[in-house]
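Trainee: Structure file query.tsv (TSV, C-alpha atoms) is given on the next line.
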chain	number	residue	atom	x	y	z
A	282	MET	CA	4.22	47.38	26.47
A	283	LYS	CA	5.71	43.90	26.98
A	284	LYS	CA	2.45	42.61	28.44
A	285	ILE	CA	0.48	43.77	25.39
A	286	LEU	CA	2.85	42.02	22.98
A	287	LEU	CA	2.86	38.91	25.16
A	288	LEU	CA	-0.94	38.66	25.13
A	289	LEU	CA	-1.02	39.05	21.35
A	290	ALA	CA	1.68	36.43	20.88
A	291	ILE	CA	-0.22	33.95	23.08
A	292	ALA	CA	-3.26	34.29	20.84
A	293	GLY	CA	-1.23	33.45	17.74
A	294	LEU	CA	0.73	30.62	19.32
A	295	SER	CA	-2.41	28.91	20.62
A	296	GLY	CA	-3.60	28.46	17.06
A	297	VAL	CA	-0.21	27.15	15.94
A	298	THR	CA	-0.05	24.62	18.77
A	299	MET	CA	-3.52	23.25	18.07
A	300	ALA	CA	-2.72	22.91	14.36
A	301	GLN	CA	0.51	21.05	15.04
A	302	ASP	CA	-1.18	18.57	17.36
A	303	THR	CA	-3.99	17.97	14.88
A	304	ASN	CA	-1.66	17.30	11.96
A	305	SER	CA	0.80	15.14	13.89
A	306	SER	CA	-1.99	12.73	14.78
A	307	CYS	CA	-2.65	12.21	11.05
A	308	GLU	CA	0.85	10.93	10.28
A	309	ASN	CA	0.07	7.21	9.72
A	310	LYS	CA	2.29	5.24	7.34
A	311	HIS	CA	-0.25	2.37	7.20
A	312	GLU	CA	-3.22	4.53	6.17
A	313	VAL	CA	-4.18	4.50	2.46
A	314	LEU	CA	-7.35	5.19	0.50
A	315	THR	CA	-9.42	2.17	-0.54
A	316	ASN	CA	-8.93	1.56	-4.26
A	317	LYS	CA	-11.53	0.82	-6.91
A	318	PHE	CA	-12.21	-2.71	-8.17
A	319	TRP	CA	-10.23	-2.31	-11.40
A	320	ASP	CA	-7.17	-0.81	-9.67
A	321	ASN	CA	-3.99	-2.74	-8.83
A	322	TRP	CA	-4.52	-5.75	-11.09
A	323	PHE	CA	-1.43	-7.64	-12.29
A	324	ILE	CA	-0.32	-10.52	-14.47
A	325	SER	CA	2.73	-12.66	-13.75
A	326	GLY	CA	4.74	-15.47	-15.27
A	327	GLY	CA	7.82	-17.49	-14.38
A	328	VAL	CA	9.98	-20.49	-15.29
A	329	GLY	CA	12.16	-22.73	-13.16
A	330	ALA	CA	12.63	-26.22	-11.81
A	331	GLU	CA	10.70	-28.58	-9.54
A	332	MET	CA	11.12	-31.86	-7.71
A	333	LEU	CA	8.48	-34.57	-7.19
A	334	ILE	CA	7.96	-36.00	-3.70
A	335	GLY	CA	5.95	-39.22	-4.10
A	336	ASN	CA	5.71	-42.71	-2.61
A	337	ASN	CA	8.96	-44.14	-3.96
A	338	ASP	CA	10.74	-41.14	-5.45
A	339	ALA	CA	13.38	-41.10	-2.72
A	340	HIS	CA	14.85	-44.22	-4.43
A	341	TYR	CA	16.41	-41.86	-6.98
A	342	GLY	CA	18.87	-39.07	-6.35
A	343	LEU	CA	17.83	-35.41	-6.40
A	344	GLY	CA	19.26	-34.82	-9.86
A	345	ASP	CA	17.11	-37.57	-11.37
A	346	ARG	CA	13.94	-35.98	-9.97
A	347	ILE	CA	14.46	-32.39	-11.18
A	348	SER	CA	12.22	-31.34	-14.06
A	349	PRO	CA	11.18	-28.03	-15.71
A	350	THR	CA	8.15	-26.05	-14.59
A	351	PHE	CA	6.40	-22.77	-15.34
A	352	ASN	CA	3.57	-20.66	-13.96
A	353	VAL	CA	1.18	-17.97	-15.17
A	354	GLY	CA	-1.05	-15.97	-12.85
A	355	VAL	CA	-3.40	-13.02	-12.57
A	356	GLY	CA	-4.37	-11.19	-9.38
A	357	LYS	CA	-5.18	-8.01	-7.53
A	358	TRP	CA	-3.92	-6.19	-4.43
A	359	PHE	CA	-6.87	-4.98	-2.35
A	360	THR	CA	-4.61	-3.24	0.18
A	361	PRO	CA	-0.82	-2.81	0.23
A	362	GLY	CA	-0.60	-5.86	2.51
A	363	LEU	CA	-3.34	-8.18	1.19
A	364	GLY	CA	-3.91	-9.59	-2.29
A	365	LEU	CA	-5.47	-12.52	-4.18
A	366	ARG	CA	-4.30	-14.36	-7.28
A	367	LEU	CA	-5.26	-17.28	-9.54
A	368	GLN	CA	-2.25	-19.24	-10.83
A	369	TYR	CA	-1.73	-22.02	-13.35
A	370	SER	CA	1.48	-23.94	-12.60
A	371	GLY	CA	3.16	-27.26	-13.35
A	372	PHE	CA	4.36	-28.98	-16.56
A	373	GLU	CA	6.40	-32.12	-15.90
A	374	ALA	CA	7.14	-34.38	-12.92
A	375	LYS	CA	9.80	-37.09	-12.72
A	376	GLY	CA	10.45	-39.78	-10.11
A	377	ALA	CA	10.50	-43.50	-9.50
A	378	ARG	CA	7.82	-46.15	-9.02
A	379	LYS	CA	7.94	-49.73	-7.77
A	380	GLY	CA	6.83	-52.09	-10.51
A	381	PHE	CA	5.38	-51.26	-13.89
A	382	GLY	CA	2.27	-49.09	-14.01
A	383	SER	CA	0.96	-45.64	-14.82
A	384	TYR	CA	3.58	-43.16	-16.04
A	385	ALA	CA	6.35	-45.83	-15.97
A	386	THR	CA	8.96	-45.62	-18.75
A	387	GLY	CA	11.94	-47.72	-19.88
A	388	ARG	CA	13.22	-50.79	-18.15
A	389	PRO	CA	13.38	-51.45	-14.39
A	390	ASP	CA	16.64	-51.26	-12.46
A	391	ALA	CA	18.06	-54.11	-10.38
A	392	SER	CA	15.64	-53.29	-7.54
A	393	GLY	CA	12.57	-53.33	-9.77
A	394	TYR	CA	12.06	-49.55	-9.91
A	395	TYR	CA	10.96	-47.81	-13.13
A	396	ASP	CA	11.51	-44.27	-14.24
A	397	GLN	CA	8.29	-42.30	-13.88
A	398	LYS	CA	7.42	-39.18	-15.88
A	399	PHE	CA	4.12	-37.40	-16.49
A	400	HIS	CA	2.75	-33.96	-17.36
A	401	TYR	CA	0.28	-32.17	-15.14
A	402	MET	CA	-1.23	-28.81	-14.19
A	403	ASN	CA	-2.10	-27.25	-10.85
A	404	LEU	CA	-4.76	-24.52	-10.85
A	405	HIS	CA	-4.96	-22.78	-7.48
A	406	GLY	CA	-6.15	-19.59	-5.80
A	407	ASP	CA	-3.85	-17.93	-3.25
A	408	VAL	CA	-4.11	-15.33	-0.50
A	409	MET	CA	-0.94	-13.19	-0.47
A	410	PHE	CA	0.45	-11.22	2.48
A	411	ASN	CA	3.01	-8.46	1.89
A	412	LEU	CA	4.94	-8.52	5.18
A	413	ASN	CA	6.87	-5.32	4.45
A	414	ALA	CA	3.66	-3.35	3.91
A	415	LEU	CA	1.85	-4.97	6.85
A	416	PHE	CA	4.62	-4.21	9.35
A	417	GLY	CA	6.55	-1.35	7.77
A	418	GLY	CA	3.76	0.63	6.09
A	419	TYR	CA	3.06	1.36	2.43
A	420	ASN	CA	6.07	2.51	0.39
A	421	PRO	CA	5.67	2.39	-3.42
A	422	ASN	CA	9.43	2.83	-3.90
A	423	ARG	CA	10.54	-0.09	-1.71
A	424	VAL	CA	12.96	-2.24	-3.76
A	425	TYR	CA	12.61	-5.61	-2.00
A	426	GLU	CA	9.53	-7.15	-0.37
A	427	VAL	CA	8.70	-10.58	1.07
A	428	ILE	CA	5.26	-12.01	0.21
A	429	PRO	CA	4.23	-15.38	1.68
A	430	TYR	CA	1.02	-16.96	0.37
A	431	LEU	CA	-1.36	-19.83	1.11
A	432	GLY	CA	-3.93	-21.33	-1.24
A	433	ALA	CA	-5.85	-24.32	-2.51
A	434	GLY	CA	-6.86	-25.80	-5.86
A	435	PHE	CA	-6.78	-29.00	-7.86
A	436	THR	CA	-4.39	-30.98	-10.07
A	437	HIS	CA	-4.94	-32.71	-13.39
A	438	SER	CA	-2.65	-35.12	-15.23
A	439	TYR	CA	-2.31	-34.95	-19.04
A	440	SER	CA	-0.31	-38.20	-19.43
A	441	GLY	CA	-1.27	-41.84	-19.82
A	442	VAL	CA	-4.65	-43.50	-19.90
A	443	GLU	CA	-5.43	-42.56	-16.29
A	444	LYS	CA	-5.78	-38.80	-16.29
A	445	THR	CA	-5.99	-38.32	-12.55
A	446	GLN	CA	-7.42	-35.33	-10.75
A	447	GLY	CA	-7.21	-34.39	-7.11
A	448	LEU	CA	-7.30	-31.62	-4.55
A	449	ALA	CA	-4.13	-29.76	-3.58
A	450	VAL	CA	-2.90	-27.23	-1.02
A	451	ASN	CA	-0.30	-24.64	-2.02
A	452	ALA	CA	2.07	-22.43	-0.04
A	453	GLY	CA	5.18	-20.45	-0.77
A	454	ILE	CA	7.16	-17.22	-0.58
A	455	ILE	CA	7.53	-14.59	-3.29
A	456	ASN	CA	10.69	-12.49	-3.13
A	457	LYS	CA	9.73	-9.33	-5.03
A	458	PHE	CA	12.32	-6.97	-6.52
A	459	ARG	CA	10.95	-3.67	-7.88
A	460	VAL	CA	12.35	-2.71	-11.30
A	461	SER	CA	9.94	0.10	-12.19
A	462	PRO	CA	6.45	1.31	-11.20
A	463	VAL	CA	4.95	-1.27	-13.61
A	464	LEU	CA	7.40	-4.18	-13.45
A	465	ASP	CA	8.78	-6.51	-10.76
A	466	VAL	CA	11.21	-9.43	-10.92
A	467	ASN	CA	10.21	-12.34	-8.66
A	468	LEU	CA	11.99	-15.31	-7.12
A	469	GLU	CA	9.22	-17.67	-6.00
A	470	LEU	CA	9.75	-20.68	-3.75
A	471	SER	CA	6.65	-22.86	-3.69
A	472	GLY	CA	5.30	-26.15	-2.42
A	473	MET	CA	2.25	-28.21	-3.34
A	474	MET	CA	0.72	-31.06	-1.33
A	475	ALA	CA	-1.70	-33.22	-3.36
A	476	GLN	CA	-3.77	-36.35	-2.82
A	477	ASN	CA	-1.86	-39.63	-2.96
A	478	LYS	CA	-3.23	-40.45	-6.40
A	479	PHE	CA	-1.34	-37.49	-7.89
A	480	ASP	CA	1.43	-39.76	-9.28
A	481	ALA	CA	-1.04	-42.65	-9.87
A	482	GLU	CA	0.87	-44.83	-7.41
A	483	LEU	CA	-1.14	-45.83	-4.33
A	484	GLY	CA	-0.26	-47.85	-1.27
A	485	GLY	CA	3.06	-46.23	-0.43
A	486	GLU	CA	4.22	-45.09	2.99
A	487	LYS	CA	3.03	-41.52	2.47
A	488	ASP	CA	-0.59	-40.52	2.38
A	489	PHE	CA	0.08	-37.58	0.07
A	490	ASP	CA	2.25	-36.55	-2.86
A	491	GLY	CA	3.98	-33.25	-3.27
A	492	VAL	CA	6.05	-30.94	-5.46
A	493	ILE	CA	8.55	-28.27	-4.45
A	494	ALA	CA	9.64	-25.68	-6.99
A	495	ALA	CA	11.71	-22.55	-7.53
A	496	THR	CA	10.93	-20.13	-10.36
A	497	VAL	CA	12.15	-16.76	-11.62
A	498	GLY	CA	9.64	-14.51	-13.32
A	499	VAL	CA	8.18	-11.06	-13.82
A	500	THR	CA	5.00	-9.27	-12.75
A	501	TYR	CA	3.37	-6.50	-14.78
A	502	TYR	CA	0.93	-4.06	-13.15
A	503	PHE	CA	-1.92	-2.60	-15.18
A	504	LYS	CA	-3.07	1.04	-15.23
A	505	ASN	CA	-4.24	2.63	-11.95
A	506	ARG	CA	-1.53	0.83	-9.99
A	507	GLY	CA	-0.39	1.66	-6.45
A	508	PHE	CA	-2.27	3.25	-3.58
A	509	LYS	CA	-2.95	6.83	-2.55
A	510	LYS	CA	-2.08	7.82	0.98
A	511	SER	CA	-4.90	9.21	3.06
A	512	LYS	CA	-4.92	13.01	2.74
A	513	ALA	CA	-7.45	13.97	5.33
A	514	CYS	CA	-7.74	13.47	9.06
A	515	PRO	CA	-10.99	12.23	10.55
A	516	PRO	CA	-13.17	15.27	11.24
A	517	GLN	CA	-12.85	16.62	14.77
A	518	LEU	CA	-16.08	18.28	15.80
A	519	ILE	CA	-16.09	21.23	18.19
A	520	SER	CA	-19.25	21.82	20.19
A	521	GLU	CA	-20.94	25.21	20.41
A	522	ALA	CA	-20.07	25.39	24.11
A	523	GLU	CA	-16.37	24.79	23.40
A	524	LEU	CA	-16.36	27.37	20.63
A	525	ARG	CA	-18.16	29.88	22.87
A	526	GLY	CA	-15.58	29.31	25.62
A	527	MET	CA	-12.70	29.89	23.21
A	528	ARG	CA	-14.29	33.10	21.99
A	529	ASN	CA	-14.85	34.30	25.56
A	530	LYS	CA	-11.18	33.72	26.38
A	531	MET	CA	-10.15	35.75	23.36
A	532	ASN	CA	-12.56	38.54	24.34
A	533	ASP	CA	-11.05	38.57	27.84
A	534	LEU	CA	-7.59	38.87	26.36
A	535	ASN	CA	-8.73	41.66	24.06
A	536	GLY	CA	-10.30	43.42	27.05
A	537	GLU	CA	-7.02	43.30	28.95
A	538	VAL	CA	-5.19	44.62	25.92
A	539	GLN	CA	-7.64	47.49	25.56
A	540	ASP	CA	-7.42	48.29	29.28
A	541	LEU	CA	-3.65	48.49	29.12
A	542	LYS	CA	-3.82	50.70	26.05
A	543	ASN	CA	-6.19	53.07	27.83
A	544	ARG	CA	-3.93	53.25	30.86
A	545	LEU	CA	-0.92	53.91	28.66
A	546	ALA	CA	-2.79	56.64	26.79
A	547	ALA	CA	-3.79	58.28	30.09
A	548	ALA	CA	-0.18	58.46	31.32
A	549	PRO	CA	1.49	61.65	29.95
A	550	LYS	CA	4.98	60.23	30.14
A	551	GLU	CA	4.06	57.20	28.13
A	552	THR	CA	2.34	58.98	25.28
A	553	VAL	CA	5.35	58.49	23.07
A	554	VAL	CA	5.42	54.77	23.87
A	555	VAL	CA	1.80	54.35	22.84
A	556	LYS	CA	2.52	56.15	19.61
A	557	GLU	CA	5.37	53.76	19.00
A	558	VAL	CA	3.05	50.78	19.44
A	559	ASN	CA	0.63	52.19	16.87
A	560	ASP	CA	3.53	52.64	14.41
A	561	THR	CA	4.60	49.00	14.74
A	562	PRO	CA	2.54	45.99	13.56
A	563	ALA	CA	1.25	44.46	16.80
A	564	VAL	CA	-0.30	41.33	15.26
A	565	ALA	CA	1.97	38.29	15.57
A	566	SER	CA	2.74	36.17	12.51
A	567	HIS	CA	0.21	33.38	12.17
A	568	ALA	CA	0.63	29.85	10.71
A	569	ILE	CA	-2.24	27.88	9.14
A	570	PHE	CA	-1.50	24.14	8.72
A	571	PHE	CA	-2.74	21.70	6.07
A	572	ASN	CA	-3.06	17.95	5.68
A	573	LEU	CA	-0.85	15.97	3.29
A	574	GLY	CA	-1.55	16.94	-0.33
A	575	SER	CA	-4.50	19.13	0.65
A	576	ALA	CA	-5.21	22.81	-0.02
A	577	VAL	CA	-8.46	22.84	1.99
A	578	VAL	CA	-8.54	24.96	5.14
A	579	SER	CA	-9.79	22.71	7.95
A	580	PRO	CA	-12.54	23.79	10.41
A	581	GLN	CA	-9.94	24.06	13.19
A	582	GLU	CA	-7.79	26.42	11.15
A	583	ILE	CA	-10.82	28.52	10.17
A	584	ILE	CA	-11.34	29.11	13.89
A	585	ASN	CA	-7.67	30.05	14.28
A	586	LEU	CA	-8.06	32.59	11.47
A	587	GLY	CA	-11.02	34.07	13.34
A	588	PHE	CA	-8.76	34.82	16.32
A	589	MET	CA	-6.35	36.69	14.06
A	590	VAL	CA	-9.17	38.61	12.41
A	591	ASP	CA	-10.32	39.80	15.84
A	592	GLN	CA	-6.87	41.28	16.36
A	593	LEU	CA	-6.77	42.89	12.92
A	594	LYS	CA	-9.91	44.91	13.69
A	595	ASP	CA	-7.82	47.07	16.05
A	596	TYR	CA	-5.23	47.76	13.34
A	597	PRO	CA	-7.06	48.66	10.11
A	598	GLU	CA	-3.89	50.14	8.65
A	599	LEU	CA	-2.09	46.76	8.64
A	600	LYS	CA	-1.70	44.78	5.43
A	601	LEU	CA	-1.22	41.01	5.09
A	602	LYS	CA	1.47	39.03	3.31
A	603	LEU	CA	0.77	35.31	2.75
A	604	THR	CA	3.36	32.68	1.85
A	605	GLY	CA	2.38	29.08	1.13
A	606	TYR	CA	4.63	26.08	1.81
A	607	ALA	CA	4.70	22.32	1.18
A	608	ASP	CA	6.92	19.57	2.61
A	609	SER	CA	9.78	18.55	0.32
A	610	ALA	CA	9.59	14.93	1.50
A	611	THR	CA	6.57	14.20	-0.73
A	612	GLY	CA	5.79	15.29	-4.27
A	613	SER	CA	7.94	16.82	-7.01
A	614	ALA	CA	9.17	20.41	-6.97
A	615	GLU	CA	6.54	21.37	-9.55
A	616	VAL	CA	3.70	19.77	-7.60
A	617	ASN	CA	4.85	21.36	-4.33
A	618	LYS	CA	5.01	24.79	-5.99
A	619	LYS	CA	1.41	24.45	-7.18
A	620	VAL	CA	0.01	23.11	-3.90
A	621	SER	CA	1.78	25.79	-1.83
A	622	LEU	CA	0.20	28.51	-4.00
A	623	LYS	CA	-3.24	26.88	-3.74
A	624	ARG	CA	-2.90	26.82	0.05
A	625	ALA	CA	-2.09	30.54	0.17
A	626	GLU	CA	-5.04	31.32	-2.11
A	627	ALA	CA	-7.36	29.13	0.02
A	628	VAL	CA	-6.47	31.14	3.14
A	629	VAL	CA	-7.09	34.40	1.25
A	630	ASP	CA	-10.55	33.12	0.26
A	631	VAL	CA	-11.44	32.37	3.91
A	632	LEU	CA	-10.21	35.79	5.08
A	633	VAL	CA	-12.15	37.63	2.38
A	634	GLN	CA	-15.32	35.56	1.99
A	635	LYS	CA	-15.91	34.39	5.56
A	636	TYR	CA	-14.41	37.15	7.68
A	637	GLY	CA	-14.86	40.14	5.39
A	638	ILE	CA	-11.23	41.23	5.20
A	639	ALA	CA	-10.88	43.60	2.25
A	640	ARG	CA	-8.89	42.02	-0.55
A	641	SER	CA	-6.96	45.28	-0.87
A	642	ARG	CA	-5.35	44.47	2.49
A	643	ILE	CA	-3.68	41.37	0.94
A	644	VAL	CA	-0.49	42.86	-0.47
A	645	SER	CA	1.06	39.59	-1.69
A	646	THR	CA	0.29	35.88	-2.06
A	647	GLU	CA	3.44	33.83	-2.68
A	648	ALA	CA	4.34	30.15	-3.17
A	649	ALA	CA	7.57	28.93	-1.59
A	650	GLY	CA	7.15	25.30	-2.74
A	651	GLY	CA	8.57	22.32	-0.88
A	652	ILE	CA	10.74	22.98	2.18
A	653	ASP	CA	12.39	21.05	5.00
A	654	LYS	CA	12.74	23.89	7.48
A	655	PHE	CA	10.74	23.11	10.61
A	656	GLY	CA	11.89	19.58	11.55
A	657	LYS	CA	8.65	17.63	10.95
A	658	ASP	CA	6.98	17.14	7.56
A	659	TYR	CA	3.55	18.19	8.84
A	660	LEU	CA	4.98	21.52	10.11
A	661	ASN	CA	6.16	22.36	6.59
A	662	ARG	CA	2.61	22.07	5.15
A	663	MET	CA	1.35	25.52	6.00
A	664	VAL	CA	0.68	29.13	5.08
A	665	MET	CA	2.49	31.89	7.00
A	666	ILE	CA	0.52	35.12	7.46
A	667	GLU	CA	2.59	38.22	8.25
A	668	ALA	CA	1.21	41.64	9.17
A	669	VAL	CA	3.03	44.51	7.45
A	670	LYS	CA	2.58	48.27	7.22
Now, as a test, write the supplied structure out as structure tokens.
Mentor:
Amino acid sequence: MKKILLLLAIAGLSGVTMAQDTNSSCENKHEVLTNKFWDNWFISGGVGAEMLIGNNDAHYGLGDRISPTFNVGVGKWFTPGLGLRLQYSGFEAKGARKGFGSYATGRPDASGYYDQKFHYMNLHGDVMFNLNALFGGYNPNRVYEVIPYLGAGFTHSYSGVEKTQGLAVNAGIINKFRVSPVLDVNLELSGMMAQNKFDAELGGEKDFDGVIAATVGVTYYFKNRGFKKSKACPPQLISEAELRGMRNKMNDLNGEVQDLKNRLAAAPKETVVVKEVNDTPAVASHAIFFNLGSAVVSPQEIINLGFMVDQLKDYPELKLKLTGYADSATGSAEVNKKVSLKRAEAVVDVLVQKYGIARSRIVSTEAAGGIDKFGKDYLNRMVMIEAVK
């Protein structure tokens, strides 16, 4: 008696073990679906202050070199960790210059330095790297993220007779604070290094000019924002030889079961025991596992169902009760209720359409919704099949 039940339990557990291993390998926090071109676009803007770093600006104190600035940008995230943007930044720069010349204002001080002020723009393209997503995986609900960037562009001055232009390199760090799915607040620390003619004062000690800035702003994300996590594992193909070997093992087990039943039936003293076996469902409960968000029965689980069907052929009087589950860690209660029911119905379809189990043998198909019962999220995405009288 015990050996019969043990052999039947092994058949059911083998399917459960294979399903667990398959699903656990699909748990990858970095894996998302590639989005379409018009997904994950954003527009941003900010205001703040900047400081000019030119040939003679160090002659003045920091307070005399602070001026207002703003920026406006548009961009797109291609993956959770990599994005591109085009930004217009600048406004006004203030500093000091030796002797009268371009952008000089007022009268010189005792050392011959003039106040210098001009308006400019910096148009640049940047490559952005979301460090939290790159190292910690995609999480749309993460409140704070660090995003360094590096880019290049050009500058143009709007002031004076000499409207200078030049190439520039940009770098900085965006501190992103999530307010809602469509809105972020940003603290951006940036730096620009431009050609020496940026402030129209040549011949100084430095061979470049620069600007450092700090701005506070917001970012708005358009429709089709965010990324979808990968729902399916890469297909795992099983060769005909492997499938044939698995079937042969099951046939061997069924042969041993049948041999033991015959021996029990031939023993007069054990007739009652055999009768007791026939009165008790001898098919172990069976679990069919699903990928995240999916209600499609995988090829591996279809094979597992075939093993159970082989057992059911010996017990035509048994009925089946199916209960679908989802993991409570993802999705709302309403979504989990729907997907757990779809999973149960998908298993019923395989049993009826592929294996010819009469639909009348399915006594109930239930949806339990999201649960956190079996320790791992992937173990909660399943359908439990129970054999009942």
Trainee: Here is a test: counting all atoms listed in the file, which residue of A:Lys600, A:Lys457, A:Arg378, A:Lys509 is nearest to Glu426 (chain A)?
Mentor: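 Smallest separation from Glu426 (chain A) among the options: A:Lys457.
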Trainee: For CA of Pro421 (chain A) and CA of Lys510 (chain A), quote the distance in Å rounded to one decimal.
Mentor: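 Separation between CA of Pro421 (chain A) and CA of Lys510 (chain A): 10.4 Å.
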Trainee: Residues proximal to (8.1, -7.0, 4.5) were defined as those with any atom within 12 Å of that point in the file's coordinates, counting all atoms listed in the file. Which are they, as JSON, numbers by chain?
Mentor: {"A": [361, 362, 363, 410, 411, 412, 413, 414, 415, 416, 417, 418, 419, 420, 423, 424, 425, 426, 427, 428, 429, 454, 455, 456, 457, 458]}
Trainee: So, counting only C-alpha atoms, which residue among A:Glu582, A:Asp390, A:Ser575, A:Gly637 is closest to Leu622 (chain A)?
Mentor: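 Checking each candidate against Leu622 (chain A), we get A:Ser575 as the closest.
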Trainee: Name the residues in contact with Gln446 (chain A) at a cut-off of 9 Å, using all atoms listed in the file, excluding same-chain residues fewer than 5 positions from it; report them as number ranges by chain.
Mentor: A: 435-438, 476, 478-479
Trainee: Find the residues near region 611-616 of chain A: any atom within 8 Å, counting all atoms listed in the file, skip ones fewer than 3 places away on the same chain, and give them as a list in words.
Mentor: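 Non-adjacent residues within range: Asp608, Lys619, Val620, Gly650 and Gly651 of chain A.
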Trainee: Separation of CA of Gly507 (chain A) and CA of Leu431 (chain A), in Å?
Mentor: 22.8 Å
Trainee: Using CA of Ala648 (chain A) and CA of Phe571 (chain A) as the two end points, give the distance in Å to one decimal.
Mentor: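 According to the coordinates, CA of Ala648 (chain A) and CA of Phe571 (chain A) are separated by 14.4 Å.
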Trainee: Taking into account all atoms listed in the file, which residue in the set A:Gly453, A:Gly329, A:Gly406, A:Gly587 is nearest to Gly364 (chain A)?
Mentor: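 The shortest atom-to-atom distance to Gly364 (chain A) comes from A:Gly406.
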Trainee: Which is closer to Gly536 (chain A) than all the others in A:Gln592, A:Asn316, A:Gln581, A:Asn477, using only C-alpha atoms?
Mentor: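 Closest to Gly536 (chain A) of all the choices is A:Gln592.
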Trainee: Neighbouring residues of region 322-325 of chain A were defined as those with any atom within 6 Å, considering only C-alpha atoms; residues of the same chain fewer than 2 positions away were excluded. Please report them as a PyMOL selection string.
Mentor: chain A and resi 320+353-357+499-503
Trainee: Counting all atoms listed in the file, which residue out of A:Asp345, A:Glu482, A:Glu598, A:Asp591 sits closest to Leu534 (chain A)?
Mentor: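 Looking only at the distances to Leu534 (chain A), the closest residue turns out to be A:Asp591.
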Trainee: I'd like the contact shell of Phe372 (chain A) - 7 Å cut-off, all atoms listed in the file, skipping same-chain residues fewer than 5 positions apart - returned as a ChimeraX atom specification.
Mentor: /A:349-351,400-402
